[in-house]
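Source file: run00.txt (compact mmCIF, C-alpha atoms and all ligand atoms)
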# COMPACT_ATOMS: atom_id res chain seq x y z
CA MET Q 20 56.34 -78.73 -148.87
CA ALA Q 21 55.43 -79.51 -145.28
CA GLU Q 22 56.37 -75.94 -144.45
CA ILE Q 23 54.02 -74.51 -147.10
CA HIS Q 24 51.16 -76.67 -145.84
CA ALA Q 25 51.88 -75.70 -142.23
CA LYS Q 26 51.79 -72.01 -143.14
CA MET Q 27 48.48 -72.52 -144.98
CA ALA Q 28 47.04 -74.41 -142.01
CA GLU Q 29 48.09 -71.57 -139.72
CA VAL Q 30 46.17 -69.06 -141.84
CA ASN Q 31 43.16 -71.35 -142.13
CA ALA Q 32 43.12 -71.87 -138.37
CA LYS Q 33 42.18 -68.21 -137.96
CA ILE Q 34 38.92 -68.83 -139.82
CA PRO Q 35 36.32 -70.23 -137.46
CA THR Q 36 35.43 -73.70 -138.74
CA SER Q 37 34.41 -75.32 -135.50
CA HIS Q 38 30.75 -74.48 -135.95
CA ILE Q 39 30.00 -76.38 -139.10
CA PHE Q 40 26.34 -76.53 -138.04
CA THR Q 41 26.10 -72.79 -137.44
CA SER Q 42 24.43 -71.83 -140.67
CA GLU Q 43 24.78 -68.23 -141.80
CA SER Q 44 22.55 -68.28 -144.86
CA THR Q 45 18.87 -69.16 -145.39
CA PRO Q 46 19.32 -72.37 -147.43
CA ALA Q 47 21.81 -73.75 -144.90
CA ALA Q 48 19.56 -72.77 -141.99
CA GLU Q 49 16.56 -74.53 -143.52
CA ILE Q 50 18.62 -77.65 -144.19
CA THR Q 51 19.92 -77.61 -140.61
CA THR Q 52 16.35 -77.41 -139.28
CA VAL Q 53 15.25 -80.42 -141.36
CA SER Q 54 18.37 -82.38 -140.35
CA LEU Q 55 17.75 -81.77 -136.65
CA PHE Q 56 14.08 -82.72 -137.05
CA VAL Q 57 15.01 -85.97 -138.82
CA ILE Q 58 17.68 -86.74 -136.24
CA ALA Q 59 15.20 -86.11 -133.41
CA ILE Q 60 12.57 -88.46 -134.90
CA THR Q 61 15.08 -91.20 -135.71
CA ALA Q 62 16.67 -90.82 -132.26
CA VAL Q 63 13.27 -91.44 -130.62
CA ILE Q 64 12.76 -94.51 -132.86
CA PHE Q 65 16.24 -95.74 -131.96
CA LEU Q 66 15.58 -95.33 -128.24
CA ILE Q 67 12.25 -97.16 -128.42
CA VAL Q 68 13.54 -100.06 -130.56
CA GLY Q 69 16.83 -100.30 -128.67
CA GLY Q 70 15.01 -100.09 -125.33
CA LEU Q 71 12.56 -102.86 -126.24
CA LEU Q 72 15.41 -105.01 -127.49
CA LEU Q 73 17.39 -104.48 -124.31
CA TYR Q 74 14.33 -105.15 -122.18
CA SER Q 75 13.65 -108.42 -124.03
CA LEU Q 76 17.26 -109.54 -123.72
CA ILE Q 77 17.27 -109.01 -119.99
CA ARG Q 78 13.72 -110.05 -119.19
CA PHE Q 79 13.56 -113.13 -121.43
CA GLY Q 80 17.19 -114.30 -121.46
CA ARG Q 81 18.16 -117.86 -120.53
CA ARG Q 82 17.93 -118.50 -116.79
CA ALA Q 83 20.04 -120.84 -114.66
CA ASN Q 84 16.97 -122.92 -113.85
CA ASP Q 85 15.66 -123.07 -117.45
CA ASP Q 86 13.91 -126.31 -118.29
CA GLY Q 87 14.89 -125.95 -121.96
CA ARG Q 88 11.31 -125.64 -123.23
CA GLU Q 89 10.21 -122.74 -125.40
CA PRO Q 90 7.91 -120.18 -123.77
CA PRO Q 91 4.32 -119.95 -125.03
CA GLN Q 92 4.31 -118.66 -128.64
CA VAL Q 93 1.96 -115.99 -129.95
CA TYR Q 94 0.74 -116.36 -133.55
CA GLY Q 95 -0.69 -113.29 -135.29
CA SER Q 96 -2.13 -110.19 -133.72
CA ASN Q 97 -4.10 -107.78 -135.84
CA PRO Q 98 -3.69 -104.79 -133.51
CA ILE Q 99 0.10 -105.24 -133.30
CA GLU Q 100 0.54 -105.76 -137.05
CA LEU Q 101 -1.66 -102.78 -137.78
CA ALA Q 102 0.32 -100.61 -135.37
CA TRP Q 103 3.75 -101.50 -136.75
CA THR Q 104 2.55 -100.85 -140.30
CA VAL Q 105 0.58 -97.68 -139.81
CA VAL Q 106 2.94 -95.90 -137.41
CA PRO Q 107 6.08 -96.20 -139.66
CA VAL Q 108 4.03 -95.16 -142.70
CA LEU Q 109 2.86 -92.05 -140.86
CA ILE Q 110 6.42 -91.25 -139.76
CA VAL Q 111 7.72 -91.65 -143.32
CA ILE Q 112 4.94 -89.41 -144.66
CA VAL Q 113 5.83 -86.71 -142.13
CA LEU Q 114 9.54 -86.95 -143.10
CA ILE Q 115 8.63 -86.76 -146.82
CA LEU Q 116 6.42 -83.72 -146.32
CA VAL Q 117 8.94 -81.80 -144.21
CA THR Q 118 11.81 -82.59 -146.61
CA ALA Q 119 9.78 -81.77 -149.70
CA ARG Q 120 8.67 -78.47 -148.22
CA THR Q 121 12.29 -77.48 -147.60
CA ILE Q 122 13.44 -78.58 -151.07
CA PHE Q 123 10.67 -76.61 -152.76
CA SER Q 124 11.18 -73.54 -150.61
CA ILE Q 125 14.93 -73.46 -151.39
CA GLN Q 126 14.77 -74.45 -155.06
CA GLY Q 127 11.65 -72.41 -155.77
CA LYS Q 128 13.21 -69.12 -154.74
CA SER Q 129 12.81 -66.69 -157.62
CA ARG Q 130 15.66 -64.47 -158.69
CA PRO Q 131 14.74 -60.90 -157.71
CA PRO Q 132 15.49 -58.27 -160.37
CA GLY Q 133 19.01 -56.92 -159.96
CA ALA Q 134 20.18 -59.90 -157.88
CA LEU Q 135 23.87 -60.65 -158.21
CA SER Q 136 24.50 -63.60 -160.54
CA VAL Q 137 27.77 -65.50 -160.60
CA ARG Q 138 28.72 -68.22 -163.04
CA VAL Q 139 30.62 -70.94 -161.20
CA ILE Q 140 32.64 -73.22 -163.46
CA GLY Q 141 34.21 -76.34 -161.98
CA HIS Q 142 37.55 -77.36 -163.48
CA GLN Q 143 40.00 -80.11 -162.59
CA TRP Q 144 40.96 -78.87 -159.90
CA TRP Q 145 39.90 -75.32 -159.32
CA TRP Q 146 36.88 -73.04 -159.42
CA GLU Q 147 36.29 -70.26 -161.91
CA PHE Q 148 33.96 -67.40 -160.88
CA ARG Q 149 32.59 -65.10 -163.55
CA TYR Q 150 30.38 -62.10 -162.78
CA PRO Q 151 28.74 -61.51 -166.18
CA ASP Q 152 26.99 -58.28 -165.18
CA LEU Q 153 30.16 -56.79 -163.70
CA GLY Q 154 32.76 -58.04 -166.17
CA ILE Q 155 34.79 -59.73 -163.43
CA VAL Q 156 36.57 -63.07 -163.73
CA THR Q 157 38.36 -64.64 -160.80
CA ALA Q 158 39.22 -68.01 -159.34
CA ASN Q 159 38.79 -70.02 -156.14
CA GLU Q 160 37.81 -67.03 -154.01
CA LEU Q 161 34.22 -65.90 -154.35
CA HIS Q 162 33.34 -62.43 -153.08
CA VAL Q 163 29.68 -61.73 -152.33
CA PRO Q 164 27.87 -58.91 -150.53
CA LEU Q 165 26.40 -59.36 -147.08
CA SER Q 166 22.64 -59.90 -147.15
CA ASP Q 167 20.58 -58.07 -144.54
CA PRO Q 168 17.66 -60.36 -143.54
CA ALA Q 169 15.37 -57.30 -143.55
CA HIS Q 170 16.38 -56.41 -147.13
CA PRO Q 171 17.83 -59.61 -148.58
CA THR Q 172 20.34 -59.31 -151.41
CA PRO Q 173 20.87 -62.94 -152.38
CA THR Q 174 23.58 -64.12 -154.73
CA PHE Q 175 22.53 -66.63 -157.38
CA LEU Q 176 25.08 -69.14 -158.61
CA ASP Q 177 24.80 -70.79 -162.01
CA LEU Q 178 27.02 -73.85 -161.90
CA GLU Q 179 28.67 -75.46 -164.92
CA SER Q 180 31.53 -77.86 -165.44
CA ALA Q 181 34.40 -77.60 -167.89
CA ASP Q 182 35.20 -81.31 -167.63
CA VAL Q 183 33.85 -83.88 -165.18
CA VAL Q 184 31.23 -83.87 -162.42
CA HIS Q 185 32.12 -81.71 -159.42
CA SER Q 186 29.99 -80.56 -156.51
CA PHE Q 187 29.94 -77.08 -155.00
CA TRP Q 188 29.67 -77.13 -151.24
CA VAL Q 189 30.06 -74.39 -148.65
CA PRO Q 190 28.46 -76.08 -145.64
CA ARG Q 191 27.60 -72.96 -143.65
CA LEU Q 192 25.97 -71.21 -146.60
CA ALA Q 193 24.03 -73.85 -148.52
CA GLY Q 194 23.69 -77.52 -149.39
CA LYS Q 195 25.77 -79.26 -152.03
CA THR Q 196 24.91 -78.69 -155.65
CA ASP Q 197 26.30 -80.98 -158.32
CA VAL Q 198 28.26 -79.35 -161.12
CA ILE Q 199 27.54 -81.36 -164.25
CA PRO Q 200 28.96 -81.07 -167.79
CA ASN Q 201 26.53 -79.70 -170.39
CA ARG Q 202 24.06 -78.63 -167.76
CA ILE Q 203 23.49 -75.54 -165.64
CA ASN Q 204 22.43 -76.08 -162.04
CA THR Q 205 21.38 -73.14 -159.92
CA MET Q 206 21.65 -72.37 -156.23
CA TRP Q 207 21.59 -69.25 -154.09
CA ILE Q 208 23.02 -67.92 -150.86
CA ASP Q 209 22.17 -64.93 -148.70
CA PRO Q 210 24.90 -64.82 -146.03
CA HIS Q 211 23.88 -62.88 -142.91
CA VAL Q 212 27.31 -62.64 -141.26
CA PRO Q 213 30.46 -61.17 -142.84
CA GLY Q 214 33.53 -63.35 -142.86
CA THR Q 215 35.36 -66.08 -144.71
CA TYR Q 216 33.66 -69.39 -145.38
CA PHE Q 217 35.39 -72.57 -146.49
CA GLY Q 218 34.06 -74.69 -149.28
CA GLN Q 219 35.18 -77.85 -150.99
CA CYS Q 220 34.42 -79.86 -154.09
CA ALA Q 221 32.19 -82.62 -152.79
CA GLU Q 222 32.16 -85.07 -155.68
CA TYR Q 223 35.19 -87.17 -156.53
CA CYS Q 224 36.63 -85.65 -159.69
CA GLY Q 225 40.18 -87.03 -160.01
CA THR Q 226 43.48 -87.14 -158.16
CA GLN Q 227 43.33 -83.60 -156.76
CA HIS Q 228 39.65 -83.66 -155.80
CA GLY Q 229 40.67 -83.24 -152.16
CA ASN Q 230 42.56 -80.05 -153.03
CA MET Q 231 39.71 -78.44 -154.94
CA LEU Q 232 39.00 -75.94 -152.20
CA LEU Q 233 37.27 -72.61 -152.30
CA ARG Q 234 36.68 -69.64 -150.06
CA VAL Q 235 33.68 -67.35 -149.93
CA PHE Q 236 34.35 -63.83 -148.69
CA VAL Q 237 31.16 -62.27 -147.40
CA GLN Q 238 31.68 -58.51 -147.24
CA PRO Q 239 29.55 -55.56 -146.14
CA ARG Q 240 28.12 -53.85 -149.22
CA SER Q 241 30.60 -50.92 -149.31
CA GLU Q 242 33.62 -53.20 -148.88
CA TRP Q 243 32.28 -55.54 -151.56
CA GLU Q 244 31.79 -52.58 -153.92
CA GLN Q 245 35.40 -51.60 -153.38
CA TRP Q 246 36.45 -55.12 -154.30
CA VAL Q 247 34.30 -54.92 -157.47
CA ALA Q 248 35.83 -51.57 -158.42
CA SER Q 249 39.38 -52.87 -157.94
CA GLN Q 250 38.63 -55.98 -159.99
CA GLN Q 251 37.20 -53.85 -162.79
CA ARG Q 252 40.33 -51.73 -163.07
CA PRO Q 253 43.01 -53.02 -165.43
CA ALA Q 254 45.93 -54.71 -163.68
CA ALA Q 255 48.39 -52.21 -165.20
CA PRO Q 256 51.75 -53.54 -163.98
CA ASP Q 257 54.46 -50.89 -164.33
CA ALA Q 258 57.43 -50.94 -166.67
CA SER Q 259 59.77 -52.46 -164.06
CA VAL Q 260 58.30 -55.91 -164.77
CA ALA Q 261 58.39 -55.58 -168.57
CA ALA Q 262 60.96 -58.37 -168.82
CA GLY Q 263 58.69 -60.77 -166.95
CA ARG Q 264 55.74 -59.73 -169.03
CA ALA Q 265 57.73 -60.52 -172.17
CA VAL Q 266 58.53 -63.98 -170.79
CA PHE Q 267 54.88 -64.53 -169.92
CA GLU Q 268 53.63 -63.47 -173.32
CA THR Q 269 56.15 -65.49 -175.29
CA THR Q 270 55.70 -68.80 -173.47
CA ALA Q 271 52.78 -71.20 -173.32
CA CYS Q 272 51.33 -69.30 -170.32
CA ILE Q 273 49.01 -67.30 -172.56
CA ASN Q 274 47.44 -70.41 -174.08
CA CYS Q 275 45.80 -71.21 -170.76
CA HIS Q 276 45.70 -67.97 -168.77
CA ALA Q 277 44.13 -64.60 -169.40
CA VAL Q 278 45.38 -61.18 -168.30
CA SER Q 279 42.86 -58.63 -169.49
CA GLY Q 280 44.28 -55.95 -171.76
CA THR Q 281 47.13 -58.18 -172.96
CA ALA Q 282 47.61 -60.88 -175.58
CA ALA Q 283 46.96 -63.51 -172.89
CA ASP Q 284 43.39 -64.71 -173.28
CA GLY Q 285 43.51 -68.45 -172.47
CA ARG Q 286 40.52 -69.96 -170.73
CA PHE Q 287 41.87 -73.32 -169.59
CA GLY Q 288 43.50 -72.02 -166.40
CA PRO Q 289 42.58 -69.31 -163.90
CA ASP Q 290 42.34 -65.69 -165.05
CA LEU Q 291 45.44 -63.90 -163.71
CA THR Q 292 44.40 -60.26 -164.24
CA HIS Q 293 44.17 -59.63 -160.50
CA LEU Q 294 46.11 -62.66 -159.30
CA MET Q 295 47.62 -60.84 -156.33
CA SER Q 296 44.21 -59.87 -154.96
CA ARG Q 297 43.74 -63.52 -154.03
CA GLU Q 298 44.92 -64.97 -150.71
CA THR Q 299 45.76 -68.40 -152.05
CA ILE Q 300 46.94 -70.17 -155.18
CA ALA Q 301 46.25 -73.62 -156.58
CA ALA Q 302 42.68 -73.69 -155.23
CA GLY Q 303 43.58 -73.06 -151.62
CA VAL Q 304 46.63 -75.31 -151.46
CA ALA Q 305 49.19 -72.59 -150.68
CA LEU Q 306 49.36 -68.95 -149.70
CA ASN Q 307 49.78 -66.56 -152.58
CA THR Q 308 53.37 -65.48 -151.89
CA PRO Q 309 56.19 -64.84 -154.38
CA ALA Q 310 58.08 -67.91 -153.08
CA ASN Q 311 55.06 -70.18 -153.54
CA LEU Q 312 54.29 -68.69 -156.95
CA LYS Q 313 57.85 -69.39 -158.02
CA LEU Q 314 57.65 -72.99 -156.85
CA TRP Q 315 54.29 -73.36 -158.59
CA VAL Q 316 55.54 -72.06 -161.93
CA LEU Q 317 58.69 -74.17 -161.64
CA ASP Q 318 56.66 -77.35 -161.23
CA PRO Q 319 53.00 -77.32 -160.12
CA THR Q 320 53.08 -81.02 -159.31
CA ILE Q 321 55.41 -80.36 -156.36
CA MET Q 322 52.48 -78.78 -154.51
CA LYS Q 323 49.68 -80.55 -156.29
CA PRO Q 324 50.60 -83.89 -157.85
CA GLY Q 325 48.54 -84.41 -160.97
CA ALA Q 326 47.86 -80.70 -161.52
CA LEU Q 327 47.12 -80.14 -165.20
CA MET Q 328 49.46 -77.15 -165.54
CA PRO Q 329 52.78 -78.35 -166.95
CA ALA Q 330 56.15 -77.45 -165.43
CA MET Q 331 57.14 -74.38 -167.41
CA ASN Q 332 60.87 -75.16 -167.60
CA VAL Q 333 61.86 -71.51 -167.84
CA ARG Q 334 65.44 -70.49 -167.20
CA ASP Q 335 66.30 -69.27 -163.69
CA GLU Q 336 66.59 -65.58 -164.57
CA ASP Q 337 63.38 -65.76 -166.60
CA LEU Q 338 61.60 -67.44 -163.71
CA ASP Q 339 62.44 -64.56 -161.38
CA ALA Q 340 61.27 -62.02 -163.95
CA LEU Q 341 58.09 -64.00 -164.54
CA VAL Q 342 57.28 -64.16 -160.84
CA ALA Q 343 57.95 -60.41 -160.54
CA TYR Q 344 55.44 -59.83 -163.33
CA LEU Q 345 52.84 -62.10 -161.69
CA GLY Q 346 53.46 -60.25 -158.42
CA ALA Q 347 52.57 -56.98 -160.13
CA LEU Q 348 49.12 -58.22 -161.23
CA ARG Q 349 47.15 -56.54 -158.49
CU1 LIG Q 401 36.01 -81.29 -158.27
CU2 LIG Q 401 35.98 -83.07 -156.69
Hey, can you dump this file as C-alpha cells for me?
Ligand code: CUA
Amino acid sequence: MAEIHAKMAEVNAKIPTSHIFTSESTPAAEITTVSLFVIAITAVIFLIVGGLLLYSLIRFGRRANDDGREPPQVYGSNPIELAWTVVPVLIVIVLILVTARTIFSIQGKSRPPGALSVRVIGHQWWWEFRYPDLGIVTANELHVPLSDPAHPTPTFLDLESADVVHSFWVPRLAGKTDVIPNRINTMWIDPHVPGTYFGQCAEYCGTQHGNMLLRVFVQPRSEWEQWVASQQRPAAPDASVAAGRAVFETTACINCHAVSGTAADGRFGPDLTHLMSRETIAAGVALNTPANLKLWVLDPTIMKPGALMPAMNVRDEDLDALVAYLGALR
C-alpha cells in the first residue's frame, strides 16, 4: 500500500500545487482579492491594537520605585467612546459592502447561451460528472475547455448529492460550494490557464472524506474537443477480452457500474465506459494501472477502508480476465 501511495504522490508532485493563492479563474481571483483586502484591514487593526497594548505595558508597567497607589483614573470620555464605536462600525460596513459585491458578482453571473453545463454528483466517496448536452458520463476527473478572457467560455456546474452533504472545492478555480441532497447548487469556472487542478471534498462526509479527491483538466479547445469525441465513441473492447466481459456481466458489477452499449447500467458506482481514459482510480487514491485495478477489484478496502464497493471474491483466473476487460475500456 505504501508503494501505491508513494507512486501516486510522485505523479501528484508534478502538478504545481505550491501556489494555492494563484487563482486561474475569475471566481477564485475575485475571492482572492477580497481575502487580501480583509487581511490588509485586519492586519492594520491588529498592529494598532497590539501596538497600543505593548506601549501601555511598557509605559505604564510597575516600576521599582512604585508607591503602590493607583494612577489617576479617567471616567467617561464622549470623544473616545464615539470614536471606538463609529470607527469599527464604518470598518464593518466597508467589509460587508466589499464582500457582498463579490458574492453578488460571482453568484449573479448569468449562463450564456451555449455555455458548457456539467452535472456534478457527490457520492460517498467519489465524484460523478455528467455532461447532459454531450452524452458523456465520467468520474473524478473533470475535463473543461480553456476560457480565453477576451472571449470567455465558462463552464457551469450544477451540484447534487446522491447521499450526504459534500462540498466541491478546487481552490485555484473557485470557492467551495456545498453539495446538498435534494437540492441543486450552481457554480461556474472560467479557467484561464491550461493544466491540471486539484480539488477535494471540503465537507466531512464519512470515513473516506479525506480521499474524496478530484482533478480538473483544463484543456485548449481543440484538445478538449478531442477528449469529448473519444468519450462519445463506444468503448468497443475487442474479442480478446470476451472472457472478462462475461465475468463482468455475470457478477454483481453491473448492478452498480455502467458500460454503455452493454447490459451494465448501474448508477451506484462510477461509469466504466471509458475507465482507462482516467489517470486515477478510487477518487484519486491510486494510479489507474492494471495492478492497482486488480487490487481494487480484489478488495477495495485495502486501498480505501470503508469504501462502499464490496470485495468481489472472484476466482483468480476470473480476476485476471476481469482486469483485462477493464483495461480494454478505453
Ligand atoms: Cu464528500 Cu467529504
Contact residues around stretch 152-155 of chain Q with only C-alpha atoms at 10 Å, ignoring same-chain residues under 3 positions, as a JSON list (two decimals) with C-alpha atoms, in the frame of the given file:
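Writing done, so here's selection_30.json:
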[["chain", "number", "residue", "atom", "x", "y", "z"],
["Q", 133, "GLY", "CA", 19.01, -56.92, -159.96],
["Q", 135, "LEU", "CA", 23.87, -60.65, -158.21],
["Q", 136, "SER", "CA", 24.50, -63.60, -160.54],
["Q", 137, "VAL", "CA", 27.77, -65.50, -160.60],
["Q", 148, "PHE", "CA", 33.96, -67.40, -160.88],
["Q", 149, "ARG", "CA", 32.59, -65.10, -163.55],
["Q", 247, "VAL", "CA", 34.30, -54.92, -157.47],
["Q", 248, "ALA", "CA", 35.83, -51.57, -158.42],
["Q", 249, "SER", "CA", 39.38, -52.87, -157.94],
["Q", 250, "GLN", "CA", 38.63, -55.98, -159.99],
["Q", 251, "GLN", "CA", 37.20, -53.85, -162.79],
["Q", 252, "ARG", "CA", 40.33, -51.73, -163.07],
["Q", 290, "ASP", "CA", 42.34, -65.69, -165.05],
["Q", 292, "THR", "CA", 44.40, -60.26, -164.24],
["Q", 293, "HIS", "CA", 44.17, -59.63, -160.50]]
Close residues, Q:Ser279 itself excluded, 8 Å, all atoms listed in the file, min 3 positions apart in chain, as a PyMOL selection string: chain Q and resi 253-254+283-284+292
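Each of Q:His170, Q:Arg81, Q:Arg297, Q:Lys128 was checked against Q:Thr157 using only C-alpha atoms; the smallest atom-to-atom distance is that of Q:Arg297.
Across the model, the gap from atom CA of Q:Ser166 to atom CA of Q:Asp209 is 5.3 Å.
We find atom CA of Q:Gly325 and atom CA of Q:Ala302 to be spaced 13.5 Å apart.
Neighbours of ligand LIG 401 (chain Q) at a cut-off of 10 Å, computed so that all atoms listed in the file are counted, are the residues Gly141, His142, Gln143, Trp144, Trp145, Trp146, Ser180, Asp182, Val183, Val184, His185, Ser186, Phe187, Asp197, Val198, Gln219, Cys220, Ala221, Glu222, Tyr223, Cys224, Gly225, Thr226, Gln227, His228, Gly229, Asn230, Met231 and Leu232 of chain Q.
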Pairwise distance for atom CA of Q:Val235 and atom CA of Q:Leu192, rounded to one decimal in Å: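 We find that atom CA of Q:Val235 and atom CA of Q:Leu192 lie 9.2 Å from each other.
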Pick from Q:Val57, Q:Ala310, Q:Thr269, Q:Val304 nearest to Q:Pro324, counting all atoms listed in the file: Q:Val304
Which of Q:Cys272, Q:Val163, Q:Ile110, Q:Met331 sits closest to Q:Pro210 [using only C-alpha atoms]: Q:Val163
Residues near Q:Lys26, cut-off 12 Å, all atoms listed in the file, skip fewer than 6 positions along chain, as a list in words: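 Near neighbours after the sequence-gap exclusion: Met20, Ala32, Lys33, Thr299, Gly303, Val304, Ala305, Leu306, Asn307, Thr308 and Asn311 of chain Q.
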9 Å contact set for stretch 212-215 of chain Q, only C-alpha atoms, chain neighbours under 2 positions out, as number ranges by chain: Q: 34-35, 43-44, 164-167, 210, 217, 234-239
Contact residues around Q:Leu291 with only C-alpha atoms at 9 Å, ignoring same-chain residues under 5 positions, as a list of chain:residue names: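 Here the answer would be Q:Val156, Q:Thr157, Q:Ala158, Q:His276, Q:Ala277, Q:Val278, Q:Ser279, Q:Leu345, Q:Leu348.
If all atoms listed in the file are the atoms counted, then among Q:Pro200, Q:Pro132, Q:Pro256, Q:Pro319 the closest residue to Q:Met295 is Q:Pro256.
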